[in-house]
Amino acid sequence: MPGRRVVVEADGGARGNPGPAGYGAVVRDAETGEVLAERSESIGVATNNVAEYRGLIAGLEAAREAGAAEVEVRMDSRLVVEQMAGRWQIKHAGLRPLAAQAAGLVRRFDAVTYTWVPRERNRHADALANAAMDLAAGTAPESEATAAAAERAAASATARGAATTGAAGAEATGRARAHGVAAQGSTARSSWEPRPAETATRLLLLRHGETAYTEQRRYSGRGDVPLSDRGLAQARAAALRVAGLAASVAAVVSSPLSRCTATAGVVAEGLGGVPVTVEPDLVECDFGEWEGRTFAEVRERWPAEMDAWLASTEVAPPGGESFAEVAVRVRRAMAALLAAYPGETVVVVSHVSPLKIALREALAATDAFLHRLYLDPAGLSVLDVWPDGGMAVRSVNDTAHLGGI
């Protein structure tokens with residue numbers, strides 16, 4: 001129908017970022033909410049943002065086919081919305097051709113606007129994207145009917161304003177999370193069968209002790225802030241805990257920053273002089289212009305940038321480093337540790353961001369995990385990794401050793 005106003009809801013994602021990826025898009029009549037078209041496709045291995053842009057492009061193409069003249073695009077990707085609205089620069093070279101393709105489609109309409117919406121208001125497109133990611137990861141729904149049921153359930157939940165998707169949609173999401181390890185590159189088969197602990201490499205993941213920035217709730221990235229007196233006491237308590245957990249430790253591996261090397265030194269001394277190795281890839285995220293500022297200061301001065309950073313692991317603080325970039329070097333560091341110390345126990349002393357990323361990947365969790373997990377200063381997590389890539393997270397953020405410190 002000429003002159004039709006439509007709403008395009010689009011989403012995309014990847015299991016692993018980059019990982020098996022897919023997108024979903026829905027075109028609705030702006031007046032009635034009737035679904036005019038759906039698009040969903042697996043796109044192989046890609047990043048979240050690439051998949052999101054592909055979803056936008058598919059939605060715009062479907063809107064054109066539906067005879068739309070005016071389009072409101074609704075997405076839960078702050079990055080895509082702000083970039084396409086012209087408010088943010090497109091710094092990632094890989095996204096520029098996709099943005100240009102989308103812009104070419106936009107010129108074919110009378111008007112296109114962009115609206116950011118929370119994920120819960122984008123459930124239909126999200127369900128389509130998840131089904132596409134299942135296909136990309138080799139975990140497709142059992143039949144087309146099952147996939148269609150998931151999509152209908154998600155759309156119905158959106159229309160009702162429900163807090164959760166329907167059972168089929170929840171099942172699809174559960175499958176995606178269950179197969180996250182495979183998407184990260186592991187070939188291990190999922191199993192409840194007990195495995196011999198002696199054949200695993202055990203990683204004792206320890207956050208450094210407290211600093212002045214920790215207590216003041218400031219962003220602490222590449223700035224070399226030393227341990228406070230309390231942080232040193234926490235390191236000593238952690239050393240006792242590590243010594244009690246491990247009969248033997250092959251090495252203590254540390255971020256190069258002094259708050260970590262000091263913590264690592266105390267732990268190594270408590271283990272009888274185990275060598276400390278510095279691994280540059282374990283350094284904290286670079287928070288750029290946010291470094292040393294309080295959370296409240298950043299929220300007040302950079303509200304849009306903070307929202308975008310919280311919404312996507314590929315967005316970096318101004319002048320800083322994205323979590324996606326941190327993840328690349330964390331994977332590299334972990335692969336090197338597993339190759340160097342097969343079947344042994346290693347203490348890894350690092351910061352909040354690298355340790356959260358390591359645990360996210362071990363648990364096959366989504367990116368939301370990074371903002372929901374809390375790691376205390378001198379908190380200890382234990383991870384076993386077997387030669388075939390199988391993993392078992394034994395504990396997360398154990399602080400029993402800290403007592404009243």
# chains A, B, ... in the order shown; residues from 1 in each chain; ligands from 1
>>> select_by_dssp(residues="segment 330-367 of chain A", states="strand (DSSP E)", output="list in words")
Thr345, Val346, Val347, Val348, Val349 and Ser350 of chain A
>>> closest_residue(among="A:Thr261, A:Ser322, A:Gln83, A:Thr199", to="Gly390 of chain A", atoms="only C-alpha atoms")
A:Thr199
>>> residues_around(residues="Leu375 of chain A", least_positions_apart="4", cutoff="9 Å", atoms="only C-alpha atoms", output="list of chain:residue names")
A:Arg207, A:Val352, A:Leu355, A:Lys356, A:Gly379, A:Leu380, A:Val396, A:Asn397, A:Asp398
>>> write_last_selection(atoms="N, CA and C atoms", output="short mmCIF file (atom, residue, chain, number, x, y, z; two decimals), in the first residue's frame")
data_model
loop_
_atom_site.label_atom_id
_atom_site.label_comp_id
_atom_site.auth_asym_id
_atom_site.auth_seq_id
_atom_site.Cartn_x
_atom_site.Cartn_y
_atom_site.Cartn_z
N ARG A 207 41.24 -11.97 42.06
CA ARG A 207 41.29 -10.53 41.85
C ARG A 207 42.28 -9.94 42.85
N VAL A 352 39.08 -7.07 37.50
CA VAL A 352 37.66 -7.41 37.34
C VAL A 352 37.32 -7.80 35.91
N LEU A 355 38.91 -11.18 34.47
CA LEU A 355 38.41 -12.34 35.19
C LEU A 355 36.94 -12.59 34.89
N LYS A 356 36.14 -11.53 34.79
CA LYS A 356 34.74 -11.71 34.41
C LYS A 356 34.62 -12.34 33.03
N GLY A 379 38.73 -11.66 45.86
CA GLY A 379 37.79 -12.77 45.66
C GLY A 379 38.42 -13.84 44.78
N LEU A 380 38.12 -15.10 45.07
CA LEU A 380 38.76 -16.23 44.40
C LEU A 380 37.72 -17.08 43.67
N VAL A 396 32.87 -19.32 42.44
CA VAL A 396 32.94 -17.97 41.89
C VAL A 396 32.94 -16.98 43.05
N ASN A 397 33.96 -16.11 43.08
CA ASN A 397 34.03 -15.01 44.05
C ASN A 397 33.95 -15.50 45.49
N ASP A 398 34.74 -16.51 45.81
CA ASP A 398 34.84 -16.99 47.17
C ASP A 398 35.57 -15.94 48.02
#
>>> closest_residue(among="A:Pro377, A:Pro342, A:Gly231, A:Gly67", to="Gly389 of chain A", atoms="only C-alpha atoms")
A:Pro342
>>> residues_around(residues="Glu305 of chain A", least_positions_apart="5", cutoff="12 Å", atoms="only C-alpha atoms", output="PDB file with N, CA and C atoms, in the first residue's frame")
ATOM      1  N   ARG A  78      21.957   0.175  21.065  1.00  0.00           N
ATOM      2  CA  ARG A  78      22.208   1.616  21.143  1.00  0.00           C
ATOM      3  C   ARG A  78      23.219   2.039  20.087  1.00  0.00           C
ATOM      4  N   LEU A  79      24.215   1.194  19.866  1.00  0.00           N
ATOM      5  CA  LEU A  79      25.274   1.528  18.912  1.00  0.00           C
ATOM      6  C   LEU A  79      24.687   1.761  17.513  1.00  0.00           C
ATOM      7  N   GLU A  82      22.316   4.942  17.363  1.00  0.00           N
ATOM      8  CA  GLU A  82      23.020   6.225  17.426  1.00  0.00           C
ATOM      9  C   GLU A  82      23.865   6.471  16.182  1.00  0.00           C
ATOM     10  N   ARG A  87      24.474  10.481  15.203  1.00  0.00           N
ATOM     11  CA  ARG A  87      24.967  11.112  16.434  1.00  0.00           C
ATOM     12  C   ARG A  87      26.309  10.553  16.882  1.00  0.00           C
ATOM     13  N   TRP A  88      26.627   9.340  16.443  1.00  0.00           N
ATOM     14  CA  TRP A  88      27.914   8.726  16.790  1.00  0.00           C
ATOM     15  C   TRP A  88      28.689   8.412  15.522  1.00  0.00           C
ATOM     16  N   GLN A  89      30.006   8.526  15.625  1.00  0.00           N
ATOM     17  CA  GLN A  89      30.867   8.139  14.515  1.00  0.00           C
ATOM     18  C   GLN A  89      30.935   6.617  14.419  1.00  0.00           C
ATOM     19  N   GLU A 289      39.102   8.063  29.011  1.00  0.00           N
ATOM     20  CA  GLU A 289      38.823   9.311  29.725  1.00  0.00           C
ATOM     21  C   GLU A 289      38.092   9.087  31.048  1.00  0.00           C
ATOM     22  N   TRP A 290      37.598   7.879  31.263  1.00  0.00           N
ATOM     23  CA  TRP A 290      36.906   7.601  32.521  1.00  0.00           C
ATOM     24  C   TRP A 290      37.872   7.219  33.641  1.00  0.00           C
ATOM     25  N   VAL A 298      31.100   9.834  35.819  1.00  0.00           N
ATOM     26  CA  VAL A 298      30.994   9.352  34.438  1.00  0.00           C
ATOM     27  C   VAL A 298      29.544   9.369  33.983  1.00  0.00           C
ATOM     28  N   ARG A 299      28.646   8.945  34.844  1.00  0.00           N
ATOM     29  CA  ARG A 299      27.232   8.940  34.487  1.00  0.00           C
ATOM     30  C   ARG A 299      26.720  10.357  34.185  1.00  0.00           C
ATOM     31  N   GLU A 300      27.218  11.331  34.941  1.00  0.00           N
ATOM     32  CA  GLU A 300      26.771  12.706  34.745  1.00  0.00           C
ATOM     33  C   GLU A 300      27.368  13.320  33.481  1.00  0.00           C
ATOM     34  N   LEU A 310      27.278   0.074  28.206  1.00  0.00           N
ATOM     35  CA  LEU A 310      26.551  -0.971  28.923  1.00  0.00           C
ATOM     36  C   LEU A 310      25.760  -1.855  27.974  1.00  0.00           C
ATOM     37  N   ALA A 311      25.371  -1.314  26.822  1.00  0.00           N
ATOM     38  CA  ALA A 311      24.525  -2.055  25.888  1.00  0.00           C
ATOM     39  C   ALA A 311      25.307  -2.955  24.944  1.00  0.00           C
ATOM     40  N   SER A 312      26.592  -2.699  24.740  1.00  0.00           N
ATOM     41  CA  SER A 312      27.353  -3.479  23.769  1.00  0.00           C
ATOM     42  C   SER A 312      28.799  -3.634  24.203  1.00  0.00           C
ATOM     43  N   VAL A 315      31.523  -1.499  22.293  1.00  0.00           N
ATOM     44  CA  VAL A 315      31.648  -0.056  22.493  1.00  0.00           C
ATOM     45  C   VAL A 315      32.692   0.203  23.577  1.00  0.00           C
ATOM     46  N   ALA A 316      33.600   1.131  23.303  1.00  0.00           N
ATOM     47  CA  ALA A 316      34.659   1.466  24.252  1.00  0.00           C
ATOM     48  C   ALA A 316      34.364   2.799  24.930  1.00  0.00           C
ATOM     49  N   PRO A 317      34.834   2.988  26.154  1.00  0.00           N
ATOM     50  CA  PRO A 317      34.774   4.334  26.739  1.00  0.00           C
ATOM     51  C   PRO A 317      35.573   5.293  25.859  1.00  0.00           C
ATOM     52  N   PRO A 318      35.283   6.581  25.900  1.00  0.00           N
ATOM     53  CA  PRO A 318      36.033   7.538  25.074  1.00  0.00           C
ATOM     54  C   PRO A 318      37.541   7.403  25.283  1.00  0.00           C
ATOM     55  N   GLY A 319      38.243   7.101  24.194  1.00  0.00           N
ATOM     56  CA  GLY A 319      39.693   6.949  24.270  1.00  0.00           C
ATOM     57  C   GLY A 319      40.154   5.654  24.905  1.00  0.00           C
ATOM     58  N   GLY A 320      39.237   4.715  25.123  1.00  0.00           N
ATOM     59  CA  GLY A 320      39.591   3.490  25.822  1.00  0.00           C
ATOM     60  C   GLY A 320      39.439   2.237  24.983  1.00  0.00           C
TER      61      GLY A 320
END
>>> closest_residue(among="A:Ala296, A:Ala392, A:Ala243, A:Ala14", to="Thr366 of chain A", atoms="only C-alpha atoms")
A:Ala14
>>> closest_residue(among="A:Glu38, A:Phe287, A:Thr201, A:Gly55", to="Ala340 of chain A", atoms="only C-alpha atoms")
A:Thr201
>>> atom_distance(atom1="atom CA of Asp376 of chain A", atom2="atom CA of Pro275 of chain A")
24.9 Å
>>> select_by_dssp(residues="segment 231-322 of chain A", states="helix (DSSP H, G or I)", output="PyMOL selection string")
chain A and resi 231-245+258-270+280-282+288-290+295-301+303-311
>>> write_last_selection(atoms="N, CA and C atoms", output="compact mmCIF listing (two decimals), in the first residue's frame")
# COMPACT_ATOMS: atom_id res chain seq x y z
N GLY A 231 44.14 -3.66 51.30
CA GLY A 231 44.36 -4.55 50.17
C GLY A 231 45.50 -5.52 50.41
N LEU A 232 46.55 -5.05 51.07
CA LEU A 232 47.67 -5.94 51.40
C LEU A 232 47.23 -7.02 52.38
N ALA A 233 46.42 -6.65 53.35
CA ALA A 233 45.89 -7.63 54.30
C ALA A 233 45.02 -8.66 53.58
N GLN A 234 44.24 -8.21 52.60
CA GLN A 234 43.41 -9.13 51.81
C GLN A 234 44.28 -10.09 51.01
N ALA A 235 45.38 -9.59 50.47
CA ALA A 235 46.29 -10.44 49.71
C ALA A 235 46.88 -11.53 50.60
N ARG A 236 47.23 -11.17 51.82
CA ARG A 236 47.78 -12.17 52.76
C ARG A 236 46.73 -13.24 53.09
N ALA A 237 45.49 -12.80 53.28
CA ALA A 237 44.43 -13.77 53.56
C ALA A 237 44.19 -14.68 52.36
N ALA A 238 44.24 -14.10 51.17
CA ALA A 238 44.05 -14.90 49.95
C ALA A 238 45.18 -15.91 49.79
N ALA A 239 46.40 -15.51 50.17
CA ALA A 239 47.55 -16.42 50.08
C ALA A 239 47.33 -17.65 50.95
N LEU A 240 46.79 -17.45 52.14
CA LEU A 240 46.51 -18.58 53.03
C LEU A 240 45.44 -19.48 52.42
N ARG A 241 44.43 -18.88 51.81
CA ARG A 241 43.36 -19.65 51.19
C ARG A 241 43.89 -20.47 50.02
N VAL A 242 44.72 -19.87 49.19
CA VAL A 242 45.28 -20.59 48.04
C VAL A 242 46.15 -21.75 48.51
N ALA A 243 46.97 -21.51 49.52
CA ALA A 243 47.84 -22.56 50.04
C ALA A 243 47.03 -23.73 50.59
N GLY A 244 45.86 -23.43 51.15
CA GLY A 244 45.01 -24.49 51.66
C GLY A 244 44.26 -25.25 50.59
N LEU A 245 44.07 -24.64 49.43
CA LEU A 245 43.32 -25.27 48.35
C LEU A 245 44.18 -26.17 47.48
N SER A 258 50.93 -2.97 39.36
CA SER A 258 51.49 -3.25 40.69
C SER A 258 50.49 -3.80 41.68
N ARG A 259 49.21 -3.42 41.56
CA ARG A 259 48.23 -3.97 42.49
C ARG A 259 48.07 -5.48 42.33
N CYS A 260 48.38 -5.96 41.12
CA CYS A 260 48.34 -7.41 40.88
C CYS A 260 49.67 -8.07 41.21
N THR A 261 50.79 -7.46 40.79
CA THR A 261 52.07 -8.09 41.07
C THR A 261 52.34 -8.16 42.57
N ALA A 262 51.88 -7.14 43.32
CA ALA A 262 52.04 -7.17 44.78
C ALA A 262 51.20 -8.30 45.38
N THR A 263 49.96 -8.43 44.92
CA THR A 263 49.10 -9.54 45.38
C THR A 263 49.72 -10.87 45.01
N ALA A 264 50.20 -10.99 43.78
CA ALA A 264 50.81 -12.23 43.32
C ALA A 264 52.06 -12.57 44.12
N GLY A 265 52.85 -11.55 44.47
CA GLY A 265 54.06 -11.79 45.24
C GLY A 265 53.76 -12.35 46.61
N VAL A 266 52.71 -11.82 47.25
CA VAL A 266 52.33 -12.33 48.57
C VAL A 266 51.85 -13.78 48.47
N VAL A 267 51.06 -14.08 47.44
CA VAL A 267 50.58 -15.45 47.24
C VAL A 267 51.74 -16.39 46.97
N ALA A 268 52.66 -15.98 46.10
CA ALA A 268 53.81 -16.82 45.76
C ALA A 268 54.68 -17.11 46.98
N GLU A 269 54.86 -16.08 47.81
CA GLU A 269 55.64 -16.27 49.04
C GLU A 269 54.96 -17.28 49.96
N GLY A 270 53.64 -17.19 50.06
CA GLY A 270 52.91 -18.14 50.89
C GLY A 270 52.96 -19.56 50.38
N PRO A 280 51.22 -9.69 30.10
CA PRO A 280 50.62 -8.40 29.71
C PRO A 280 49.15 -8.49 29.29
N ASP A 281 48.75 -9.62 28.71
CA ASP A 281 47.36 -9.75 28.24
C ASP A 281 46.35 -9.79 29.37
N LEU A 282 46.81 -9.93 30.62
CA LEU A 282 45.90 -9.98 31.76
C LEU A 282 45.66 -8.60 32.37
N GLY A 288 40.13 4.71 29.31
CA GLY A 288 40.27 5.97 28.60
C GLY A 288 40.00 7.19 29.47
N GLU A 289 39.10 8.06 29.01
CA GLU A 289 38.82 9.31 29.73
C GLU A 289 38.09 9.09 31.05
N TRP A 290 37.60 7.88 31.26
CA TRP A 290 36.91 7.60 32.52
C TRP A 290 37.87 7.22 33.64
N PHE A 295 32.03 6.57 39.40
CA PHE A 295 30.94 6.11 38.56
C PHE A 295 29.91 7.23 38.38
N ALA A 296 29.66 7.97 39.45
CA ALA A 296 28.68 9.07 39.38
C ALA A 296 29.15 10.16 38.44
N GLU A 297 30.44 10.48 38.45
CA GLU A 297 30.97 11.50 37.55
C GLU A 297 30.82 11.10 36.09
N VAL A 298 31.10 9.83 35.82
CA VAL A 298 30.99 9.35 34.44
C VAL A 298 29.54 9.37 33.98
N ARG A 299 28.65 8.94 34.84
CA ARG A 299 27.23 8.94 34.49
C ARG A 299 26.72 10.36 34.19
N GLU A 300 27.22 11.33 34.94
CA GLU A 300 26.77 12.71 34.74
C GLU A 300 27.37 13.32 33.48
N ARG A 301 28.64 13.04 33.21
CA ARG A 301 29.33 13.71 32.10
C ARG A 301 29.16 12.99 30.76
N PRO A 303 26.55 10.43 29.80
CA PRO A 303 25.40 9.54 29.95
C PRO A 303 25.13 8.67 28.72
N ALA A 304 25.19 9.25 27.53
CA ALA A 304 24.91 8.47 26.32
C ALA A 304 26.00 7.44 26.06
N GLU A 305 27.25 7.86 26.27
CA GLU A 305 28.37 6.94 26.06
C GLU A 305 28.32 5.78 27.05
N MET A 306 27.91 6.08 28.29
CA MET A 306 27.81 4.99 29.27
C MET A 306 26.69 4.03 28.90
N ASP A 307 25.55 4.55 28.45
CA ASP A 307 24.45 3.68 28.03
C ASP A 307 24.90 2.77 26.89
N ALA A 308 25.62 3.34 25.95
CA ALA A 308 26.10 2.55 24.81
C ALA A 308 27.09 1.49 25.26
N TRP A 309 27.97 1.86 26.18
CA TRP A 309 28.97 0.93 26.71
C TRP A 309 28.30 -0.23 27.44
N LEU A 310 27.28 0.07 28.21
CA LEU A 310 26.55 -0.97 28.92
C LEU A 310 25.76 -1.86 27.97
N ALA A 311 25.37 -1.31 26.82
CA ALA A 311 24.53 -2.05 25.89
C ALA A 311 25.31 -2.95 24.94
>>> atom_distance(atom1="atom CA of Leu203 of chain A", atom2="atom CA of Pro18 of chain A")
24.3 Å
